[in-house]
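Below: start19.cif (mmCIF, C-alpha atoms and all ligand atoms)
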```cif
data_target
#
loop_
_atom_site.label_atom_id
_atom_site.label_comp_id
_atom_site.auth_asym_id
_atom_site.auth_seq_id
_atom_site.Cartn_x
_atom_site.Cartn_y
_atom_site.Cartn_z
CA MET A 458 -7.69 22.31 -13.77
CA LYS A 459 -4.52 21.23 -12.00
CA LYS A 460 -1.40 19.64 -13.38
CA ILE A 461 -0.51 16.61 -11.30
CA LEU A 462 2.88 14.93 -11.39
CA LEU A 463 2.31 11.31 -10.43
CA LEU A 464 5.45 9.59 -9.11
CA GLY A 465 4.93 5.87 -9.59
CA SER A 466 2.71 4.48 -12.33
CA GLY A 467 1.54 1.06 -11.20
CA GLU A 468 -2.01 -0.25 -10.95
CA LEU A 469 -2.88 2.02 -8.05
CA GLY A 470 -1.58 5.00 -9.99
CA LYS A 471 -3.65 3.97 -12.99
CA GLU A 472 -6.88 4.07 -11.00
CA PHE A 473 -5.81 7.37 -9.49
CA VAL A 474 -5.28 8.85 -12.96
CA ILE A 475 -8.73 7.71 -14.02
CA ALA A 476 -10.25 9.33 -10.93
CA ALA A 477 -8.29 12.56 -11.52
CA GLN A 478 -9.30 12.77 -15.15
CA ARG A 479 -12.93 12.29 -14.25
CA LEU A 480 -12.52 15.48 -12.26
CA GLY A 481 -10.91 17.22 -15.23
CA GLN A 482 -7.28 17.15 -14.10
CA HIS A 483 -4.13 16.79 -16.21
CA VAL A 484 -1.74 14.05 -15.12
CA VAL A 485 1.90 13.43 -15.98
CA ALA A 486 2.69 9.84 -14.99
CA CYS A 487 6.28 8.95 -14.09
CA ASP A 488 8.06 5.68 -13.51
CA SER A 489 11.34 3.95 -14.23
CA TYR A 490 9.99 1.98 -17.19
CA ALA A 491 7.94 2.83 -20.25
CA GLY A 492 4.37 1.62 -20.72
CA ALA A 493 3.64 1.39 -16.99
CA PRO A 494 -0.08 1.00 -16.17
CA ALA A 495 -0.77 4.62 -15.18
CA MET A 496 1.10 5.93 -18.24
CA GLN A 497 -1.41 4.17 -20.47
CA VAL A 498 -4.18 6.47 -19.31
CA ALA A 499 -2.28 9.64 -18.35
CA ASP A 500 -2.03 12.82 -20.42
CA GLU A 501 1.76 12.70 -20.51
CA SER A 502 4.48 10.48 -19.16
CA GLU A 503 8.15 10.55 -18.17
CA VAL A 504 10.54 7.65 -17.72
CA PHE A 505 13.36 8.10 -15.19
CA SER A 506 14.58 6.77 -11.87
CA MET A 507 12.70 8.59 -9.14
CA LEU A 508 15.47 7.72 -6.70
CA ASP A 509 17.67 10.06 -8.74
CA GLY A 510 17.17 13.50 -7.18
CA ASP A 511 18.48 15.38 -10.22
CA ALA A 512 16.19 13.52 -12.59
CA LEU A 513 13.31 14.31 -10.27
CA ASP A 514 14.25 18.00 -10.21
CA ALA A 515 14.39 17.97 -14.01
CA ALA A 516 10.88 16.51 -14.31
CA VAL A 517 9.49 19.09 -11.87
CA GLU A 518 11.30 21.87 -13.71
CA LYS A 519 9.98 20.68 -17.07
CA HIS A 520 6.34 20.23 -16.10
CA HIS A 521 5.79 22.85 -13.38
CA PRO A 522 3.12 20.76 -11.63
CA ASP A 523 0.65 22.28 -9.18
CA THR A 524 0.53 19.01 -7.30
CA ILE A 525 2.78 16.01 -6.74
CA VAL A 526 1.21 12.67 -5.85
CA CYS A 527 3.45 9.75 -4.86
CA GLU A 528 2.26 6.26 -5.63
CA ILE A 529 5.33 4.39 -4.37
CA GLU A 530 8.03 4.72 -1.73
CA ALA A 531 11.13 4.41 -3.90
CA ILE A 532 11.49 8.14 -4.45
CA ARG A 533 14.17 10.62 -3.43
CA THR A 534 11.65 11.97 -0.95
CA GLU A 535 13.92 14.56 0.71
CA ARG A 536 13.47 16.67 -2.43
CA LEU A 537 9.76 16.89 -1.77
CA TYR A 538 10.44 19.41 1.00
CA ASP A 539 12.06 21.71 -1.57
CA TYR A 540 9.13 21.37 -3.94
CA GLU A 541 6.76 22.18 -1.12
CA LYS A 542 8.79 25.32 -0.38
CA GLN A 543 8.49 26.27 -4.04
CA GLY A 544 4.73 26.25 -3.59
CA ILE A 545 3.97 22.87 -5.13
CA HIS A 546 1.35 20.91 -3.22
CA VAL A 547 2.76 17.54 -2.19
CA VAL A 548 0.00 15.03 -1.37
CA PRO A 549 -0.68 14.54 1.45
CA SER A 550 2.50 16.41 2.55
CA ALA A 551 6.26 16.14 2.10
CA ARG A 552 6.52 15.21 5.77
CA ALA A 553 4.08 12.33 5.39
CA VAL A 554 5.77 10.89 2.32
CA ASN A 555 9.22 11.28 3.79
CA PHE A 556 8.36 9.70 7.12
CA THR A 557 6.63 6.68 5.65
CA MET A 558 9.27 5.66 3.14
CA ASN A 559 11.48 4.45 5.98
CA ARG A 560 10.06 2.20 8.68
CA LYS A 561 12.21 3.83 11.34
CA ALA A 562 10.78 7.33 11.16
CA ILE A 563 7.19 6.19 11.18
CA ARG A 564 7.64 3.52 13.84
CA ASP A 565 9.40 5.89 16.23
CA LEU A 566 6.76 8.55 15.61
CA ALA A 567 3.94 6.09 16.33
CA ALA A 568 5.47 4.21 19.26
CA LYS A 569 7.63 6.82 20.97
CA ASP A 570 6.13 10.23 20.16
CA LEU A 571 2.46 9.23 20.02
CA GLY A 572 2.58 6.28 22.41
CA LEU A 573 0.61 3.96 20.10
CA LYS A 574 0.74 0.24 20.78
CA THR A 575 3.06 -1.55 18.33
CA ALA A 576 5.04 -4.78 18.33
CA ARG A 577 8.19 -4.37 20.46
CA TYR A 578 11.08 -3.57 18.15
CA PHE A 579 14.78 -2.80 17.76
CA TYR A 580 16.96 -1.74 14.87
CA ALA A 581 20.07 -3.56 13.68
CA ARG A 582 22.86 -2.62 11.29
CA THR A 583 25.13 -5.56 12.03
CA PHE A 584 24.61 -9.25 12.66
CA GLN A 585 25.73 -8.76 16.24
CA GLU A 586 23.14 -6.06 16.81
CA LEU A 587 20.53 -8.38 15.37
CA GLN A 588 21.58 -11.18 17.74
CA GLU A 589 21.40 -8.83 20.72
CA ALA A 590 17.98 -7.58 19.72
CA ALA A 591 16.68 -11.12 19.14
CA ALA A 592 17.88 -12.06 22.62
CA GLN A 593 15.71 -9.26 24.03
CA ILE A 594 12.64 -9.97 21.91
CA GLY A 595 12.73 -13.76 21.86
CA PHE A 596 11.40 -16.11 19.16
CA PRO A 597 9.53 -16.09 16.92
CA CYS A 598 10.36 -12.60 15.73
CA VAL A 599 10.10 -10.76 12.41
CA VAL A 600 13.04 -9.20 10.57
CA LYS A 601 12.46 -6.59 7.84
CA PRO A 602 14.58 -4.09 5.95
CA LEU A 603 13.88 -0.50 6.95
CA MET A 604 13.36 0.26 3.29
CA SER A 605 11.79 -2.29 0.98
CA SER A 606 8.38 -3.05 -0.40
CA SER A 607 5.93 -5.90 -0.87
CA GLY A 608 7.59 -8.08 1.75
CA LYS A 609 11.02 -8.07 0.10
CA GLY A 610 13.75 -9.12 2.52
CA GLN A 611 11.22 -9.90 5.25
CA SER A 612 11.25 -13.11 7.26
CA VAL A 613 9.87 -14.73 10.37
CA VAL A 614 12.66 -16.07 12.55
CA ARG A 615 11.75 -19.17 14.56
CA GLY A 616 15.02 -19.69 16.39
CA ALA A 617 18.64 -18.51 16.71
CA GLU A 618 19.71 -20.82 13.88
CA ASP A 619 17.60 -18.80 11.39
CA LEU A 620 19.05 -15.43 12.33
CA GLU A 621 21.97 -15.41 9.95
CA HIS A 622 19.73 -16.17 7.00
CA ALA A 623 17.28 -13.47 8.12
CA PHE A 624 20.14 -10.98 8.35
CA ASN A 625 21.48 -11.70 4.87
CA TYR A 626 18.03 -11.91 3.31
CA GLY A 627 17.04 -8.61 4.93
CA MET A 628 20.19 -6.83 3.81
CA GLU A 629 19.81 -8.13 0.25
CA GLY A 630 16.17 -7.03 0.19
CA SER A 631 17.01 -3.51 1.31
CA ARG A 632 16.26 -0.80 -1.20
CA GLY A 633 18.28 2.33 -1.80
CA ASP A 634 21.10 3.52 0.41
CA VAL A 635 19.63 2.41 3.75
CA LYS A 636 21.13 -0.88 4.94
CA GLU A 637 19.43 -1.38 8.26
CA LEU A 638 16.88 -3.81 9.64
CA ILE A 639 14.02 -3.67 12.08
CA ILE A 640 13.44 -6.68 14.27
CA GLU A 641 9.99 -6.99 15.77
CA GLU A 642 8.11 -9.12 18.19
CA PHE A 643 5.94 -11.59 16.25
CA ILE A 644 2.30 -10.67 16.89
CA ASP A 645 0.09 -13.72 16.94
CA PHE A 646 -2.87 -11.74 15.66
CA ASP A 647 -6.34 -13.10 14.95
CA TYR A 648 -6.68 -10.90 11.89
CA GLU A 649 -5.24 -7.81 10.25
CA ILE A 650 -6.92 -4.82 8.67
CA THR A 651 -6.30 -1.77 6.58
CA LEU A 652 -8.22 1.21 7.87
CA LEU A 653 -8.51 3.60 4.94
CA THR A 654 -8.51 7.03 6.50
CA VAL A 655 -9.39 10.24 4.67
CA THR A 656 -7.90 13.47 5.96
CA GLN A 657 -9.24 16.67 4.50
CA ALA A 658 -8.37 20.33 4.19
CA GLU A 659 -8.53 22.38 7.38
CA GLY A 660 -11.88 22.39 9.13
CA ARG A 661 -13.26 19.25 7.53
CA PRO A 662 -13.52 16.00 9.44
CA THR A 663 -11.28 12.97 9.14
CA LEU A 664 -13.33 10.07 7.76
CA PHE A 665 -12.83 6.33 8.01
CA CYS A 666 -13.79 3.72 5.45
CA PRO A 667 -15.27 0.51 6.82
CA PRO A 668 -12.30 -1.69 7.79
CA ILE A 669 -10.75 -3.92 5.13
CA GLY A 670 -9.63 -7.39 6.12
CA HIS A 671 -6.78 -8.95 4.19
CA VAL A 672 -4.59 -11.98 3.90
CA GLN A 673 -0.88 -11.69 3.15
CA LYS A 674 1.49 -14.34 1.89
CA ASN A 675 5.23 -13.74 1.77
CA GLY A 676 4.59 -10.15 2.78
CA ASP A 677 2.32 -9.50 -0.19
CA TYR A 678 -1.44 -9.15 -0.28
CA ARG A 679 -3.44 -12.03 -1.81
CA GLU A 680 -7.02 -11.20 -0.96
CA SER A 681 -8.98 -8.48 0.80
CA PHE A 682 -12.57 -7.97 1.82
CA GLN A 683 -14.80 -5.27 3.22
CA PRO A 684 -16.15 -4.73 5.81
CA ARG A 685 -14.04 -6.78 8.24
CA ALA A 686 -16.28 -7.39 11.27
CA MET A 687 -14.66 -5.98 14.40
CA LYS A 688 -15.56 -5.49 18.01
CA PRO A 689 -16.70 -1.85 18.33
CA GLU A 690 -14.00 -1.09 20.91
CA HIS A 691 -11.28 -2.43 18.60
CA LEU A 692 -12.57 -0.35 15.70
CA ARG A 693 -12.70 2.76 17.89
CA GLU A 694 -9.14 2.13 19.04
CA ALA A 695 -7.90 1.67 15.46
CA GLU A 696 -9.68 4.89 14.42
CA ARG A 697 -8.17 6.78 17.32
CA MET A 698 -4.68 5.62 16.36
CA ALA A 699 -5.21 6.34 12.66
CA LYS A 700 -6.38 9.84 13.48
CA ALA A 701 -3.41 10.49 15.74
CA VAL A 702 -0.80 9.30 13.28
CA THR A 703 -2.28 10.97 10.20
CA GLU A 704 -2.67 14.25 12.08
CA ALA A 705 0.96 14.09 13.17
CA LEU A 706 2.06 13.52 9.57
CA SER A 707 -0.24 16.27 8.23
CA GLY A 708 -1.94 16.89 4.91
CA ALA A 709 -5.07 15.84 3.05
CA GLY A 710 -5.49 12.55 1.22
CA ILE A 711 -6.26 8.90 1.78
CA TRP A 712 -4.04 6.75 3.99
CA GLY A 713 -3.89 3.00 4.33
CA VAL A 714 -3.33 2.44 8.02
CA GLU A 715 -2.46 -1.16 8.88
CA PHE A 716 -3.31 -2.82 12.18
CA PHE A 717 -2.98 -6.27 13.72
CA VAL A 718 -5.92 -7.27 15.92
CA SER A 719 -5.71 -9.81 18.70
CA GLU A 720 -8.99 -10.59 20.42
CA LYS A 721 -7.03 -11.07 23.61
CA ASN A 722 -4.41 -8.31 23.46
CA GLY A 723 -6.17 -5.65 21.42
CA VAL A 724 -5.07 -3.52 18.47
CA TYR A 725 -1.48 -2.97 17.31
CA PHE A 726 -0.47 -0.24 14.91
CA SER A 727 1.74 -1.77 12.19
CA GLU A 728 2.50 0.72 9.42
CA LEU A 729 0.81 3.12 7.03
CA SER A 730 0.93 4.39 3.48
CA PRO A 731 0.05 8.03 2.73
CA ARG A 732 -1.77 6.95 -0.42
CA PRO A 733 -4.29 4.39 -1.69
CA HIS A 734 -3.48 0.92 -0.43
CA ASP A 735 -3.30 -2.26 -2.50
CA THR A 736 -5.77 -4.05 -0.23
CA GLY A 737 -8.13 -1.11 -0.87
CA MET A 738 -8.61 -2.30 -4.46
CA VAL A 739 -11.64 -4.05 -3.03
CA THR A 740 -13.36 -0.64 -3.19
CA LEU A 741 -13.25 -1.04 -6.99
CA ALA A 742 -16.09 -3.50 -6.46
CA GLY A 743 -18.34 -0.55 -5.67
CA THR A 744 -18.37 -1.25 -1.95
CA GLN A 745 -18.42 2.47 -1.13
CA ASN A 746 -19.94 5.69 -2.45
CA PHE A 747 -16.38 6.61 -3.59
CA ASN A 748 -13.55 4.17 -4.21
CA GLU A 749 -10.21 4.80 -2.52
CA PHE A 750 -8.75 6.51 -5.60
CA GLU A 751 -11.65 8.91 -5.90
CA LEU A 752 -11.34 9.70 -2.22
CA HIS A 753 -7.61 10.36 -2.55
CA CYS A 754 -8.17 12.59 -5.53
CA ARG A 755 -10.93 14.61 -3.91
CA ALA A 756 -8.99 15.12 -0.72
CA ALA A 757 -5.84 15.99 -2.66
CA LEU A 758 -7.68 18.60 -4.72
CA GLY A 759 -9.22 20.10 -1.60
CA LEU A 760 -12.72 19.04 -2.63
CA PRO A 761 -15.00 18.12 0.27
CA VAL A 762 -15.83 14.51 1.02
CA PRO A 763 -18.98 14.79 3.11
CA CYS A 764 -19.19 11.11 4.03
CA VAL A 765 -18.00 7.62 3.22
CA LYS A 766 -20.78 5.06 3.04
CA LEU A 767 -20.68 1.31 2.67
CA LEU A 768 -22.99 0.39 -0.20
CA ARG A 769 -22.17 -3.27 -0.69
CA LYS A 770 -19.98 -5.99 0.71
CA GLY A 771 -16.98 -6.88 -1.43
CA ALA A 772 -13.92 -9.05 -1.90
CA SER A 773 -10.80 -8.90 -4.06
CA ALA A 774 -8.28 -11.54 -5.06
CA VAL A 775 -5.07 -10.95 -6.96
CA VAL A 776 -3.95 -12.47 -10.24
CA LEU A 777 -0.24 -13.24 -10.04
CA SER A 778 2.12 -14.25 -12.79
CA GLY A 779 3.17 -17.88 -12.54
CA ILE A 780 6.03 -17.34 -14.98
CA ASP A 781 9.05 -15.11 -15.46
CA ALA A 782 9.71 -12.92 -18.51
CA ALA A 783 11.83 -15.54 -20.29
CA SER A 784 8.86 -17.93 -20.33
CA MET A 785 6.39 -15.56 -21.97
CA ALA A 786 4.92 -16.92 -25.17
CA GLY A 787 5.06 -13.57 -26.96
CA PRO A 788 6.51 -10.09 -26.50
CA PHE A 789 3.74 -9.11 -24.06
CA PRO A 790 1.96 -10.98 -21.30
CA GLN A 791 -1.21 -12.72 -22.42
CA TYR A 792 -4.07 -14.04 -20.34
CA ARG A 793 -5.96 -17.30 -20.44
CA GLY A 794 -9.18 -17.96 -18.55
CA VAL A 795 -10.56 -14.41 -18.48
CA GLU A 796 -13.66 -15.53 -20.34
CA ARG A 797 -14.41 -18.15 -17.71
CA THR A 798 -14.02 -15.53 -14.99
CA CYS A 799 -16.39 -13.23 -16.82
CA GLU A 800 -19.12 -15.85 -16.94
CA GLU A 801 -19.96 -14.98 -13.36
CA ASP A 802 -21.09 -11.74 -11.76
CA ALA A 803 -17.70 -10.20 -11.01
CA ASP A 804 -15.23 -7.69 -12.40
CA ILE A 805 -11.63 -8.17 -13.47
CA ARG A 806 -8.94 -5.54 -13.94
CA ILE A 807 -5.91 -6.52 -15.98
CA PHE A 808 -3.30 -3.88 -15.21
CA GLY A 809 -1.59 -4.07 -18.61
CA LYS A 810 1.95 -4.40 -17.30
CA PRO A 811 4.31 -4.69 -20.25
CA THR A 812 6.23 -7.62 -18.82
CA VAL A 813 6.10 -10.21 -16.04
CA ARG A 814 8.20 -11.48 -13.16
CA MET A 815 7.45 -14.56 -11.08
CA ASN A 816 4.57 -13.70 -8.71
CA ARG A 817 4.19 -10.18 -10.11
CA ARG A 818 0.69 -8.82 -9.55
CA MET A 819 -0.91 -8.58 -13.00
CA GLY A 820 -4.58 -8.14 -12.22
CA VAL A 821 -7.30 -8.33 -9.64
CA VAL A 822 -10.77 -9.84 -9.49
CA VAL A 823 -13.38 -7.97 -7.47
CA VAL A 824 -16.82 -9.19 -6.48
CA SER A 825 -19.59 -7.61 -4.48
CA GLY A 826 -22.85 -8.57 -2.84
CA GLU A 827 -25.72 -7.02 -0.94
CA GLN A 828 -25.11 -5.83 2.60
CA ASP A 829 -26.56 -9.05 3.97
CA ALA A 830 -24.40 -11.28 1.73
CA ASP A 831 -22.10 -13.85 3.27
CA LEU A 832 -18.60 -12.38 3.05
CA ASP A 833 -16.97 -15.81 3.15
CA VAL A 834 -18.88 -16.77 0.02
CA LEU A 835 -17.74 -13.57 -1.71
CA ARG A 836 -14.12 -14.20 -0.69
CA ASP A 837 -14.19 -17.74 -2.00
CA LYS A 838 -15.75 -16.57 -5.25
CA ALA A 839 -13.11 -13.87 -5.78
CA LYS A 840 -10.30 -16.34 -5.14
CA ARG A 841 -11.85 -18.99 -7.36
CA LEU A 842 -12.41 -16.58 -10.25
CA ALA A 843 -8.88 -15.18 -9.92
CA SER A 844 -7.48 -18.70 -10.03
CA TYR A 845 -8.99 -19.24 -13.49
CA VAL A 846 -6.71 -16.59 -14.97
CA GLU A 847 -3.31 -17.68 -16.13
CA VAL A 848 -0.55 -15.48 -17.50
CA PHE A 849 1.45 -16.90 -20.40
N1 LIG A 901 5.41 -8.16 13.84
C1 LIG A 901 4.67 -8.93 13.05
N2 LIG A 901 3.98 -9.97 13.58
C2 LIG A 901 3.23 -10.77 12.79
N3 LIG A 901 3.09 -10.61 11.46
C3 LIG A 901 3.74 -9.59 10.88
C4 LIG A 901 4.55 -8.70 11.64
N4 LIG A 901 5.07 -7.79 10.80
C5 LIG A 901 4.59 -8.09 9.57
N5 LIG A 901 3.79 -9.16 9.60
C6 LIG A 901 3.08 -9.75 8.45
O1 LIG A 901 3.75 -9.40 7.25
C7 LIG A 901 2.92 -8.55 6.42
C8 LIG A 901 3.76 -7.50 5.72
O2 LIG A 901 4.46 -6.72 6.67
P1 LIG A 901 4.52 -5.12 6.56
O3 LIG A 901 3.16 -4.60 6.38
O4 LIG A 901 5.28 -4.63 7.73
O5 LIG A 901 5.44 -4.90 5.32
P2 LIG A 901 5.06 -4.61 3.77
O6 LIG A 901 3.59 -4.56 3.61
O7 LIG A 901 5.88 -5.53 2.97
O8 LIG A 901 5.63 -3.23 3.59
P3 LIG A 901 5.21 -2.27 2.42
O9 LIG A 901 3.80 -1.86 2.75
O10 LIG A 901 6.22 -1.22 2.50
O11 LIG A 901 5.22 -3.08 1.15
C9 LIG A 901 1.92 -7.96 7.40
O12 LIG A 901 0.76 -7.52 6.74
C10 LIG A 901 1.69 -9.14 8.34
O13 LIG A 901 0.83 -10.10 7.75
MG MG A 902 2.11 -3.65 4.86
#
```

Would you mind writing the file's structure down as structure tokens?
Ligand SMILES: Nc1ncnc2c1ncn2[C@@H]1O[C@H](COP(=O)(O)OP(=O)(O)OP(=O)(O)O)[C@@H](O)[C@H]1O
Ligand SMILES: [Mg+2]
Amino acid sequence: MKKILLLGSGELGKEFVIAAQRLGQHVVACDSYAGAPAMQVADESEVFSMLDGDALDAAVEKHHPDTIVCEIEAIRTERLYDYEKQGIHVVPSARAVNFTMNRKAIRDLAAKDLGLKTARYFYARTFQELQEAAAQIGFPCVVKPLMSSSGKGQSVVRGAEDLEHAFNYGMEGSRGDVKELIIEEFIDFDYEITLLTVTQAEGRPTLFCPPIGHVQKNGDYRESFQPRAMKPEHLREAERMAKAVTEALSGAGIWGVEFFVSEKNGVYFSELSPRPHDTGMVTLAGTQNFNEFELHCRAALGLPVPCVKLLRKGASAVVLSGIDAASMAGPFPQYRGVERTCEEDADIRIFGKPTVRMNRRMGVVVVSGEQDADLDVLRDKAKRLASYVEVF
């Protein structure tokens, strides 16, 4: 049995804990607030700011974990190199977690070092730099903070008159001590995918889950479905890029590698997470022989994953809060409409978050069908069933 320190205790962490415990592991779940989803099912928990390096050191010192698994990006990730030196296994690796928490490191690695196709991009620290970069890229373009999550601070700029707003919005949405933006060419893609990629301990092959299609609104995922039909050459290209970038980052685990696909211009690498991906919650519908959390856990523990098989088609749709905390009827969020959702053949996960914010993700509905099912029907069903649920 291994002791796993889980940094970040949201809904993805919760499913990871369940997967780890099914393999007999002991998990200490950490986050900045008490009662976080993963804490509800973990063996132990700790509440502290994971951006505080000393607090992180203290938790590591106290628990002596064998393994550290990061569920989020807002972590003082430089310290992970020290833990790795101390012999603690960081999943997938300190390098991977450190590179991916800042868009700059990962984008330069992908575009410059590995030569992968990405949107053209520049960085900007000042409004003037942003104006100069926009002049080179043209409009529309996309402005994002180097460090943020779930679309915070991100905007599409249609013309020069929107730049100032994009600058201020991006700077305000920046997390931590990095106040810098990336400005990218807007890719007019036909669709986007997450390619869940499983890297394994030395000598075992890298595996790819069937591609997951998804739809984002305001930089946040609303629905996902699997498998996203793709031209074989586009899928091969995405797999080649995912293999290259995960190999360069090193370590075993699951990765959510995001791509934009244009039928005309081909496949663009966008970004990646060295951990289960929110759009991958569709695998909770039983679409695969192992869901993404089980795959991450196996790979992290060094257990072989011989193959990933698609068993069923599936779709997921998120349940968002339509209210803020001040409007809650009671001390905890409550849910209306779950019964109606359950009347149909589908599954719902309520994450059990102790409080709400406007548009906070509170749950997900997953549906599945036979391999010959119509994916559009499954997608519509997932969205319809999710829409029945109301947070109050
Ligand atoms: N250059 C671009 N062209 C077109 N659309 C884009 C571009 N960059 C981002 N988008 C859209 O915005 C969504 C979110 O962007 P991105 O994945 O870069 O950030 P994020 O998911 O908010 O970051 P994080 O994963 O850290 O939360 C993308 O999935 C895509 O739909
Ligand atoms: Mg993304």

Can you write out as a Markdown table which residues of chain A fall within 9 Å of ligand LIG 901 (chain A), alongside each residue's closest atom pair and its distance in Å to one decimal, counting all atoms listed in the file and ordering rows by chain and ascending residue number?
```
| residue | atom | partner | partner_atom | distance |
| --- | --- | --- | --- | --- |
| A:Ile529 | CA | A:LIG901 | O10 | 8.9 |
| A:Glu530 | CA | A:LIG901 | O10 | 7.5 |
| A:Thr557 | CA | A:LIG901 | O10 | 8.5 |
| A:Met558 | CA | A:LIG901 | O10 | 7.6 |
| A:Asn559 | CA | A:LIG901 | O10 | 8.5 |
| A:Arg560 | CA | A:LIG901 | O10 | 8.0 |
| A:Thr575 | CA | A:LIG901 | N1 | 8.3 |
| A:Ala576 | CA | A:LIG901 | N1 | 5.6 |
| A:Arg577 | CA | A:LIG901 | N1 | 8.1 |
| A:Tyr578 | CA | A:LIG901 | N1 | 8.5 |
| A:Pro597 | CA | A:LIG901 | N2 | 8.9 |
| A:Cys598 | CA | A:LIG901 | N1 | 6.9 |
| A:Val599 | CA | A:LIG901 | N1 | 5.5 |
| A:Val600 | CA | A:LIG901 | N4 | 8.1 |
| A:Lys601 | CA | A:LIG901 | O4 | 7.4 |
| A:Leu603 | CA | A:LIG901 | O10 | 8.9 |
| A:Met604 | CA | A:LIG901 | O10 | 7.3 |
| A:Ser605 | CA | A:LIG901 | O10 | 5.9 |
| A:Ser606 | CA | A:LIG901 | O11 | 3.5 |
| A:Ser607 | CA | A:LIG901 | O11 | 3.5 |
| A:Gly608 | CA | A:LIG901 | O7 | 3.3 |
| A:Lys609 | CA | A:LIG901 | O7 | 6.4 |
| A:Gly610 | CA | A:LIG901 | O7 | 8.7 |
| A:Gln611 | CA | A:LIG901 | O7 | 7.3 |
| A:Ser612 | CA | A:LIG901 | O1 | 8.4 |
| A:Val613 | CA | A:LIG901 | N3 | 8.0 |
| A:Ile640 | CA | A:LIG901 | N1 | 8.2 |
| A:Glu641 | CA | A:LIG901 | N1 | 5.1 |
| A:Glu642 | CA | A:LIG901 | N1 | 5.2 |
| A:Phe643 | CA | A:LIG901 | N2 | 3.7 |
| A:Ile644 | CA | A:LIG901 | N2 | 3.8 |
| A:Asp645 | CA | A:LIG901 | C2 | 6.0 |
| A:Phe646 | CA | A:LIG901 | C2 | 6.8 |
| A:Tyr648 | CA | A:LIG901 | O13 | 8.6 |
| A:Glu649 | CA | A:LIG901 | O13 | 7.0 |
| A:Ile650 | CA | A:LIG901 | O12 | 8.4 |
| A:His671 | CA | A:LIG901 | O12 | 8.1 |
| A:Val672 | CA | A:LIG901 | O13 | 6.9 |
| A:Gln673 | CA | A:LIG901 | O13 | 5.2 |
| A:Lys674 | CA | A:LIG901 | O13 | 7.3 |
| A:Asn675 | CA | A:LIG901 | O1 | 7.1 |
| A:Gly676 | CA | A:LIG901 | C8 | 4.0 |
| A:Asp677 | CA | A:LIG901 | O7 | 6.2 |
| A:Tyr678 | CA | A:LIG901 | O12 | 7.5 |
| A:Glu715 | CA | A:LIG901 | O3 | 7.0 |
| A:Phe716 | CA | A:LIG901 | O12 | 8.3 |
| A:Phe717 | CA | A:LIG901 | C10 | 7.7 |
| A:Ser727 | CA | A:LIG901 | O4 | 6.4 |
| A:Glu728 | CA | A:LIG901 | O3 | 6.2 |
| A:Leu729 | CA | A:LIG901 | O9 | 7.2 |
| A:Ser730 | CA | A:LIG901 | O9 | 6.9 |
| A:His734 | CA | A:LIG901 | O9 | 8.4 |
| A:Asp735 | CA | A:LIG901 | O9 | 8.8 |
```

(message) Let me make sure I understand: among A:Thr736, A:Ala581, A:His520, A:Asp488, which one has the smallest atom-to-atom distance to ligand MG 902 (chain A) if we use only C-alpha atoms and all ligand atoms?
(response)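 Closest candidate: A:Thr736.
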
(request) May I ask which of the residues A:Ala493, A:Thr651, A:Ala551, A:Ile594 is the closest one to ligand MG 902 (chain A), counting all atoms listed in the file? (result)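 Result for the nearest residue to ligand MG 902 (chain A): A:Thr651.
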
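When all atoms listed in the file are used to compute distances to Ser773 in chain A, the closest of the residues A:Asp634, A:Glu796, A:Glu618, A:Asp804 turns out to be A:Asp804.
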
List as a short mmCIF file (atom, residue, chain, number, x, y, z; two decimals) with C-alpha atoms, in the coordinates of the input the residues having at least one atom at most 12 Å from position (14.4, 16.8, -1.4) as given in the file, counting only C-alpha atoms.
```
data_model
loop_
_atom_site.label_atom_id
_atom_site.label_comp_id
_atom_site.auth_asym_id
_atom_site.auth_seq_id
_atom_site.Cartn_x
_atom_site.Cartn_y
_atom_site.Cartn_z
CA MET A 507 12.70 8.59 -9.14
CA LEU A 508 15.47 7.72 -6.70
CA ASP A 509 17.67 10.06 -8.74
CA GLY A 510 17.17 13.50 -7.18
CA ASP A 511 18.48 15.38 -10.22
CA ALA A 512 16.19 13.52 -12.59
CA LEU A 513 13.31 14.31 -10.27
CA ASP A 514 14.25 18.00 -10.21
CA VAL A 517 9.49 19.09 -11.87
CA ILE A 532 11.49 8.14 -4.45
CA ARG A 533 14.17 10.62 -3.43
CA THR A 534 11.65 11.97 -0.95
CA GLU A 535 13.92 14.56 0.71
CA ARG A 536 13.47 16.67 -2.43
CA LEU A 537 9.76 16.89 -1.77
CA TYR A 538 10.44 19.41 1.00
CA ASP A 539 12.06 21.71 -1.57
CA TYR A 540 9.13 21.37 -3.94
CA GLU A 541 6.76 22.18 -1.12
CA LYS A 542 8.79 25.32 -0.38
CA GLN A 543 8.49 26.27 -4.04
CA VAL A 547 2.76 17.54 -2.19
CA ALA A 551 6.26 16.14 2.10
CA ARG A 552 6.52 15.21 5.77
CA VAL A 554 5.77 10.89 2.32
CA ASN A 555 9.22 11.28 3.79
#
```

(request) Go ahead and find all residues with at least one atom no further than 10 Å from (-2.6, 3.3, -6.4) in the file's coordinates, using all atoms listed in the file; report them as a ChimeraX atom specification. (result) /A:465-474,495,527-529,732-735,737-738,749-750,753

(message) Quick check, in Å to one decimal: how far apart do CA of Asp570 in chain A and CA of Trp712 in chain A lie?
(response) 19.4 Å

(request) May I ask which of the residues A:Cys666, A:Val526, A:Lys766, A:Leu758 is the closest one to Met458 in chain A, counting all atoms listed in the file? (result)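 Residue with the minimum atom-to-atom distance to Met458 in chain A: A:Leu758.
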
(request) Excluding Ala491 in chain A and residues on its chain fewer than 3 positions from it, collect all residues at most 9 Å away from it, counting all atoms listed in the file, and give them as a VMD selection string. (result) chain A and resid 487 to 488 496 502 to 504 811
